[in-house]
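Below is one structure, written out as structure tokens, with a few remarks after it.
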Amino acid sequence: MTSLKSQIKNEQKIIAIYGLGNVGGPIAAAWLRKGAKVIGVDISKNLLSEIQKGSSHKKEPYISETFSNALREKKLILTSDGVKASTISDIKFVAVPVGLRKNKIDLTALLSATTSISKGLQKGNTVIICPSLPPGTTEKVVRQILEKNSNLKVEKDFYLIYNPERIFEGRSLADIEENYPAIISGYGPKSLEFADELLKIISKKGTLKMSSIANAEAEKLFEGVYRDVNIALANELADYCERVGVNYWDARKGANSQPFCHLHYPGTGVGGLCIPVYPRFVIKSSSKIGKHVKLIEYSRKINDYMPKKCVHDALSLLKNNVKGAKVAVLGLGFRGEVTDSRLSPTYDVVDELLKKGCNVIVHDPYIFEDKDLPNNVKLTKDLSEAVKNAHLVFISADHKIYAKLNENILKKTKKPTMIFDGRNILNKKNFRNTSLLTIGTRK
Ligand SMILES: NC(=O)c1ccc[n+]([C@@H]2O[C@H](COP(=O)([O-])OP(=O)(O)OC[C@H]3O[C@@H](n4cnc5c(N)ncnc54)[C@H](O)[C@@H]3O)[C@@H](O)[C@H]2O)c1
């Protein structure tokens, strides 16, 4: 019998990917690079047209080029018709967003994508769910939709797999293809066996089998919780250092030379669709059974408070001249080197500065348009425009270009130049005549 790998390469098995964003885009590219025929499904006409033009996924190596070549060779078909894509595909990956809306877990996109799939689902098909989810969602919610609308039975008629994506934006394709084993779980042994054969095709490090789908869902959340709690610890220790006059960065370097210590970076806050969201999934799912996960809840509070704390510390540089001061906030991305500003702590930094009566301008080298900043706040890619006549420069995201800043580049600020470095990215040697306050150091 021909191997699954050959069947995919020979287009005997067609792959559909629902959601072509930060996660689905790299998954689609990974399969195209293995010779698969891919149907890319996305409800965003704008994204589909960017993929057509070769201008999507700008900060991710190889993805746009892979799409352009595949479109030319008719290996990639783009559509927003999820039902049709389901009827003509055999293997369906779901990579749509699951986040929080008004502090409630928002499954709208997942429900909509799986409903479309269920309407075209056929015997012998496979459905692979990739977004991070509260444990139990795939087995209870997704399975029910798939079975009910298709009149098919999971494991007997189709396979159901949960395969959480583990990617770091900026190196997503390498993470899928090379850096980690694929975490796999199946509704039953047949689904799991199929997952193993399938995911080994694109994952050089192979697969890591979980004994249940809920375990795999929990695994993914724990990766984010670990980061969030440890960032909160770093933020708390940095605050302690500021108060007692210790340099956190120096102490951290020493402490981390011991192999069991992995102190993280403190910063202006935790953003993005993953790290601040997954702990909330755990908090919510625990509260449903009447339990508190106190350490996780407290860590969230510490991290949520960071933009406010950093603004307070930064404005102390201006003494009594806060009202009407121009503040240049550098970095809208939720962290350095990303083009993604979703849940970025910079929004809270800006709100807090406005509340204190400052005039704010935001600079980002990668994000040129934004709908979420208040109307009276300009976003610019021109650094000299941002810092011109600024009373204070506030570094919010650690984009690499900020590491190159020096007194000459910032010469047009009001004098003396005042800087709050919320990410410890500046080279201190470049700022001998500047009032520079760095997070984690004596105020
Ligand atoms: N961004 C990351 O680094 C990352 C890492 C690991 C896991 N995840 C998980 O992956 C999920 C997706 O994240 P993302 O960053 O790719 O989101 P994204 O917003 O970049 O992309 C999601 C895409 O899905 C599309 N979409 C929404 N509803 C759809 C539907 N019904 N049918 C087809 N397409 C639909 C959207 O238009 C969008 O293009 C997250 O919720 C998270 O759980 C994200």
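Chain labels A, B, ... are given in the sequence in which chains occur in the structure tokens; within each chain residues are numbered consecutively from 1, and ligands are likewise numbered from 1 in the order shown.
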Item to complete: Determine, counting only C-alpha atoms, which protein, DNA and RNA residues have an atom within 10 Å of an atom of Leu383 in chain A; residues of the same chain fewer than 4 positions away are not included. Present the result as number ranges by chain.
Response: A: 328, 330, 362-365, 387-388, 402, 409-410
Might you pull out every residue within 10 Å of Pro97 in chain A, with only C-alpha atoms counted and same-chain residues fewer than 3 positions away left off, and present them as a PyMOL selection string? chain A and resi 19+21-24+94+100+106-110+130-133+273
Mind dumping the selected residues with N, CA, C and O atoms as a compact mmCIF listing (two decimals), in the first residue's frame?
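Generated output (again-v1.txt):
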```txt
# COMPACT_ATOMS: atom_id res chain seq x y z
N GLY A 19 -8.15 28.96 8.26
CA GLY A 19 -7.43 30.02 8.97
C GLY A 19 -6.01 30.03 8.45
O GLY A 19 -5.28 29.05 8.62
N GLY A 21 -3.72 32.58 9.14
CA GLY A 21 -3.02 33.65 9.84
C GLY A 21 -1.64 33.23 10.32
O GLY A 21 -0.94 32.47 9.64
N ASN A 22 -1.27 33.69 11.50
CA ASN A 22 0.09 33.44 12.02
C ASN A 22 0.37 31.96 12.20
O ASN A 22 1.52 31.53 12.11
N VAL A 23 -0.67 31.18 12.47
CA VAL A 23 -0.48 29.75 12.70
C VAL A 23 -0.81 28.94 11.43
O VAL A 23 0.00 28.13 10.97
N GLY A 24 -2.00 29.19 10.85
CA GLY A 24 -2.42 28.43 9.67
C GLY A 24 -1.53 28.69 8.47
O GLY A 24 -1.29 27.78 7.66
N VAL A 94 -7.56 22.89 11.41
CA VAL A 94 -8.27 24.08 11.85
C VAL A 94 -7.29 24.96 12.65
O VAL A 94 -6.74 24.52 13.66
N LEU A 100 -10.34 35.64 24.01
CA LEU A 100 -11.29 36.08 25.05
C LEU A 100 -12.01 37.30 24.52
O LEU A 100 -11.40 38.19 23.93
N ASP A 106 -13.97 32.85 23.74
CA ASP A 106 -14.70 33.08 22.50
C ASP A 106 -14.43 31.96 21.50
O ASP A 106 -13.36 31.92 20.87
N LEU A 107 -15.40 31.06 21.36
CA LEU A 107 -15.22 29.90 20.47
C LEU A 107 -15.87 30.15 19.09
O LEU A 107 -15.97 29.22 18.29
N THR A 108 -16.31 31.40 18.83
CA THR A 108 -17.08 31.67 17.60
C THR A 108 -16.39 31.13 16.34
O THR A 108 -17.01 30.43 15.53
N ALA A 109 -15.10 31.47 16.16
CA ALA A 109 -14.40 31.08 14.93
C ALA A 109 -14.25 29.56 14.86
O ALA A 109 -14.42 28.96 13.79
N LEU A 110 -13.97 28.94 16.00
CA LEU A 110 -13.81 27.48 16.02
C LEU A 110 -15.14 26.79 15.66
O LEU A 110 -15.17 25.84 14.88
N CYS A 130 -6.03 22.72 15.96
CA CYS A 130 -4.74 23.27 16.40
C CYS A 130 -4.79 24.41 17.43
O CYS A 130 -3.81 24.60 18.15
N PRO A 131 -5.85 25.21 17.54
CA PRO A 131 -5.78 26.33 18.49
C PRO A 131 -5.67 25.85 19.94
O PRO A 131 -6.08 24.74 20.26
N SER A 132 -5.15 26.70 20.79
CA SER A 132 -5.07 26.39 22.22
C SER A 132 -6.47 26.50 22.81
O SER A 132 -7.17 27.48 22.55
N LEU A 133 -6.85 25.50 23.62
CA LEU A 133 -8.24 25.41 24.08
C LEU A 133 -8.33 24.95 25.53
O LEU A 133 -7.48 24.17 25.97
N LEU A 273 -1.76 37.06 21.57
CA LEU A 273 -2.96 36.21 21.73
C LEU A 273 -2.71 34.99 22.61
O LEU A 273 -3.64 34.27 22.92
```
Step by step, measure atom-to-atom distances between ligand 1 and each residue using only C-alpha atoms and all ligand atoms, keep those at most 9 Å, then write them as a ChimeraX atom specification.
/A:17-26,40-48,80-82,94-99,108-116,130-133,164-170,172,220,272-274,277-278,340
Neighbouring residues of range 234-250 of chain A were defined as those with any atom within 6 Å, considering only C-alpha atoms; residues of the same chain fewer than 4 positions away were excluded. Please report them as a CSV table (one decimal) with C-alpha atoms, in the first residue's frame.
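The file below, around-v2.csv, is the result:
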```
chain,number,residue,atom,x,y,z
A,264,HIS,CA,12.9,35.7,32.9
A,265,TYR,CA,12.9,39.3,31.7
A,266,PRO,CA,10.7,41.8,33.5
A,440,GLY,CA,14.7,46.6,37.4
A,441,THR,CA,17.3,49.2,38.5
A,442,ARG,CA,17.3,51.8,41.3
A,443,LYS,CA,14.8,54.6,40.8
```
Open item on the list: Give me the residues near Ala214 in chain A as a PyMOL selection string, where near means some atom within 10 Å (using only C-alpha atoms) and where sequence neighbours in that chain fewer than 4 positions away do not count.
Closed with: chain A and resi 133-139+162+185-187+210+218-219
Go ahead and dump the residues you just picked, N, CA and C atoms, as an mmCIF file, in the first residue's frame.
```cif
data_model
loop_
_atom_site.group_PDB
_atom_site.id
_atom_site.type_symbol
_atom_site.label_atom_id
_atom_site.label_comp_id
_atom_site.auth_asym_id
_atom_site.auth_seq_id
_atom_site.Cartn_x
_atom_site.Cartn_y
_atom_site.Cartn_z
ATOM 1 N N LEU A 133 -6.847 25.504 23.616
ATOM 2 C CA LEU A 133 -8.236 25.409 24.082
ATOM 3 C C LEU A 133 -8.325 24.950 25.528
ATOM 4 N N PRO A 134 -9.387 25.330 26.231
ATOM 5 C CA PRO A 134 -9.609 24.753 27.557
ATOM 6 C C PRO A 134 -9.803 23.237 27.429
ATOM 7 N N PRO A 135 -9.192 22.440 28.323
ATOM 8 C CA PRO A 135 -9.299 20.984 28.218
ATOM 9 C C PRO A 135 -10.750 20.529 28.132
ATOM 10 N N GLY A 136 -11.016 19.641 27.180
ATOM 11 C CA GLY A 136 -12.379 19.111 27.006
ATOM 12 C C GLY A 136 -13.072 19.689 25.785
ATOM 13 N N THR A 137 -12.581 20.805 25.239
ATOM 14 C CA THR A 137 -13.294 21.481 24.144
ATOM 15 C C THR A 137 -13.371 20.602 22.881
ATOM 16 N N THR A 138 -12.257 19.980 22.507
ATOM 17 C CA THR A 138 -12.261 19.194 21.260
ATOM 18 C C THR A 138 -13.201 17.995 21.392
ATOM 19 N N GLU A 139 -13.084 17.284 22.517
ATOM 20 C CA GLU A 139 -13.891 16.058 22.673
ATOM 21 C C GLU A 139 -15.365 16.356 22.858
ATOM 22 N N TYR A 162 -6.110 16.230 17.989
ATOM 23 C CA TYR A 162 -5.758 17.557 18.511
ATOM 24 C C TYR A 162 -4.238 17.661 18.465
ATOM 25 N N SER A 185 -2.544 13.978 19.774
ATOM 26 C CA SER A 185 -3.492 13.213 20.572
ATOM 27 C C SER A 185 -4.660 12.880 19.659
ATOM 28 N N GLY A 186 -5.353 11.784 19.971
ATOM 29 C CA GLY A 186 -6.456 11.368 19.105
ATOM 30 C C GLY A 186 -7.655 10.952 19.930
ATOM 31 N N TYR A 187 -8.820 10.987 19.290
ATOM 32 C CA TYR A 187 -10.042 10.608 20.001
ATOM 33 C C TYR A 187 -9.987 9.128 20.398
ATOM 34 N N MET A 210 0.296 12.161 23.389
ATOM 35 C CA MET A 210 -0.381 12.377 24.663
ATOM 36 C C MET A 210 -1.459 11.300 24.781
ATOM 37 N N ALA A 218 -4.294 20.614 27.709
ATOM 38 C CA ALA A 218 -3.715 21.175 28.941
ATOM 39 C C ALA A 218 -2.229 21.478 28.748
ATOM 40 N N GLU A 219 -1.528 20.568 28.095
ATOM 41 C CA GLU A 219 -0.083 20.757 27.856
ATOM 42 C C GLU A 219 0.200 22.124 27.260
#
```
- Message: I need the helix (DSSP H, G or I) residues of range 73-309 of chain A per DSSP on the backbone, written as a VMD selection string.
- Response: chain A and resid 82 to 88 108 to 120 137 to 150 172 to 179 189 to 202 213 to 244 248 to 255 278 to 287 294 to 309
_Among range 146-374 of chain A, which residues does DSSP mark as strand (DSSP E) when it is run on the backbone? Keep the chain and numbering as in the structure and answer as a list in words._
Tyr159, Leu160, Ile161, Tyr162, Ala182, Ile183, Ile184, Ser185, Gly186, Thr207, Leu208, Lys209, Lys326, Val327, Ala328, Val329, Leu330, Asn359, Val360, Ile361, Val362 and His363 of chain A
Restricting to only C-alpha atoms, whichever of A:Ala30, A:Ala16, A:Cys310, A:Leu199 is closest to Leu78 in chain A is A:Ala16
Discussion item. Applying 10 Å and only C-alpha atoms, which residues near Ile63 in chain A remain after dropping the ones on its own chain fewer than 5 positions away? List them as a PyMOL selection string.
Written reply: chain A and resi 25-30+32-33+51+54-58+68+172-173
Taken to one decimal, the CA of Asp175 in chain A-CA of Gly224 in chain A distance is 16.1 Å
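Nearest residue to Pro181 in chain A among A:Asn376, A:Ser299, A:Thr126, A:Asn163 is A:Asn163, counting only C-alpha atoms.
Every protein, DNA or RNA residue with an atom at most 12 Å from Tyr305 in chain A, where only C-alpha atoms count and chain neighbours fewer than 3 positions away do not, is listed here: Ala232, Asn235, Glu236, Asp239, Gly267, Thr268, Gly269, Val270, Tyr298, Ser299, Arg300, Lys301, Ile302, Lys308, Lys309, Cys310, Val311, His312, Pro345, Asp348, Val349 and Glu352 of chain A.
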What separates CA of Ile91 in chain A and CA of Pro61 in chain A is a distance of 25.3 Å
What's the 10 Å shell around range 192-196 of chain A, counting only C-alpha atoms, without same-chain residues fewer than 4 positions away, as number ranges by chain?
-> A: 4, 126-128, 155, 159-163, 182-188, 200-201, 206-213
Convert the current residue selection to file output with N, CA and C atoms, as an mmCIF file, in the first residue's frame.
```
data_model
loop_
_atom_site.group_PDB
_atom_site.id
_atom_site.type_symbol
_atom_site.label_atom_id
_atom_site.label_comp_id
_atom_site.auth_asym_id
_atom_site.auth_seq_id
_atom_site.Cartn_x
_atom_site.Cartn_y
_atom_site.Cartn_z
ATOM 1 N N LEU A 4 1.222 7.187 3.358
ATOM 2 C CA LEU A 4 0.449 8.436 3.461
ATOM 3 C C LEU A 4 1.238 9.592 2.823
ATOM 4 N N THR A 126 -10.132 13.251 7.926
ATOM 5 C CA THR A 126 -9.473 13.518 9.212
ATOM 6 C C THR A 126 -9.601 15.004 9.543
ATOM 7 N N VAL A 127 -9.908 15.293 10.798
ATOM 8 C CA VAL A 127 -9.983 16.691 11.239
ATOM 9 C C VAL A 127 -8.930 16.898 12.334
ATOM 10 N N ILE A 128 -8.115 17.940 12.151
ATOM 11 C CA ILE A 128 -7.049 18.221 13.124
ATOM 12 C C ILE A 128 -7.265 19.610 13.705
ATOM 13 N N GLU A 155 -13.795 8.185 14.893
ATOM 14 C CA GLU A 155 -12.987 6.964 15.058
ATOM 15 C C GLU A 155 -13.465 5.839 14.130
ATOM 16 N N TYR A 159 -11.380 10.501 11.537
ATOM 17 C CA TYR A 159 -10.433 10.651 12.651
ATOM 18 C C TYR A 159 -10.508 12.066 13.211
ATOM 19 N N LEU A 160 -10.356 12.158 14.526
ATOM 20 C CA LEU A 160 -10.315 13.476 15.179
ATOM 21 C C LEU A 160 -9.031 13.563 15.989
ATOM 22 N N ILE A 161 -8.245 14.596 15.655
ATOM 23 C CA ILE A 161 -6.914 14.757 16.241
ATOM 24 C C ILE A 161 -6.807 16.150 16.855
ATOM 25 N N TYR A 162 -6.110 16.230 17.989
ATOM 26 C CA TYR A 162 -5.758 17.557 18.511
ATOM 27 C C TYR A 162 -4.238 17.661 18.465
ATOM 28 N N ASN A 163 -3.765 18.705 17.809
ATOM 29 C CA ASN A 163 -2.322 18.911 17.601
ATOM 30 C C ASN A 163 -2.028 20.397 17.836
ATOM 31 N N ALA A 182 6.047 17.306 17.251
ATOM 32 C CA ALA A 182 4.630 17.682 17.201
ATOM 33 C C ALA A 182 3.904 16.957 18.333
ATOM 34 N N ILE A 183 3.163 17.714 19.132
ATOM 35 C CA ILE A 183 2.356 17.092 20.192
ATOM 36 C C ILE A 183 1.098 16.540 19.527
ATOM 37 N N ILE A 184 0.823 15.245 19.709
ATOM 38 C CA ILE A 184 -0.368 14.684 19.060
ATOM 39 C C ILE A 184 -1.249 13.938 20.064
ATOM 40 N N SER A 185 -2.544 13.978 19.774
ATOM 41 C CA SER A 185 -3.492 13.213 20.572
ATOM 42 C C SER A 185 -4.660 12.880 19.659
ATOM 43 N N GLY A 186 -5.353 11.784 19.971
ATOM 44 C CA GLY A 186 -6.456 11.368 19.105
ATOM 45 C C GLY A 186 -7.655 10.952 19.930
ATOM 46 N N TYR A 187 -8.820 10.987 19.290
ATOM 47 C CA TYR A 187 -10.042 10.608 20.001
ATOM 48 C C TYR A 187 -9.987 9.128 20.398
ATOM 49 N N GLY A 188 -9.316 8.323 19.591
ATOM 50 C CA GLY A 188 -9.147 6.896 19.873
ATOM 51 C C GLY A 188 -7.833 6.442 19.264
ATOM 52 N N LYS A 200 4.491 13.207 11.372
ATOM 53 C CA LYS A 200 5.922 12.884 11.168
ATOM 54 C C LYS A 200 6.392 13.341 9.784
ATOM 55 N N ILE A 201 5.451 13.525 8.861
ATOM 56 C CA ILE A 201 5.842 13.942 7.507
ATOM 57 C C ILE A 201 6.425 15.357 7.532
ATOM 58 N N GLY A 206 9.821 14.482 14.873
ATOM 59 C CA GLY A 206 8.831 13.433 15.124
ATOM 60 C C GLY A 206 7.653 13.920 15.945
ATOM 61 N N THR A 207 7.041 12.985 16.682
ATOM 62 C CA THR A 207 5.827 13.324 17.434
ATOM 63 C C THR A 207 5.998 12.956 18.904
ATOM 64 N N LEU A 208 5.198 13.585 19.722
ATOM 65 C CA LEU A 208 5.133 13.222 21.144
ATOM 66 C C LEU A 208 3.669 12.928 21.426
ATOM 67 N N LYS A 209 3.377 11.650 21.746
ATOM 68 C CA LYS A 209 1.964 11.253 21.900
ATOM 69 C C LYS A 209 1.460 11.564 23.295
ATOM 70 N N MET A 210 0.296 12.161 23.389
ATOM 71 C CA MET A 210 -0.381 12.377 24.663
ATOM 72 C C MET A 210 -1.459 11.300 24.781
ATOM 73 N N SER A 211 -1.740 10.865 26.002
ATOM 74 C CA SER A 211 -2.673 9.738 26.139
ATOM 75 C C SER A 211 -4.139 10.160 26.046
ATOM 76 N N SER A 212 -4.419 11.472 26.059
ATOM 77 C CA SER A 212 -5.798 11.914 25.777
ATOM 78 C C SER A 212 -5.748 13.296 25.142
ATOM 79 N N ILE A 213 -6.847 13.648 24.483
ATOM 80 C CA ILE A 213 -6.918 14.980 23.869
ATOM 81 C C ILE A 213 -6.880 16.052 24.956
#
```
Using only C-alpha atoms, the residue out of A:Glu65, A:Glu369, A:Glu385, A:Asp304 with shortest distance to Lys326 in chain A is A:Glu385
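Of the residues under consideration (A:Lys140, A:Lys53, A:Arg280, A:Lys34), A:Lys53 shows the shortest atom-to-atom contact distance to Phe67 in chain A when counting only C-alpha atoms.
Considering the residues A:Val142, A:Ile129, A:Cys358, A:Ile8 and counting only C-alpha atoms, Lys75 in chain A has its shortest atom-to-atom contact with A:Ile8.
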As a check of understanding: the span from CA of Leu405 in chain A to CA of Ser384 in chain A is 11.3 Å
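Minimum atom-to-atom distance to Gly333 in chain A, evaluated using only C-alpha atoms, belongs to A:Ile395 out of A:Leu295, A:Asp90, A:Gln122, A:Ile395.
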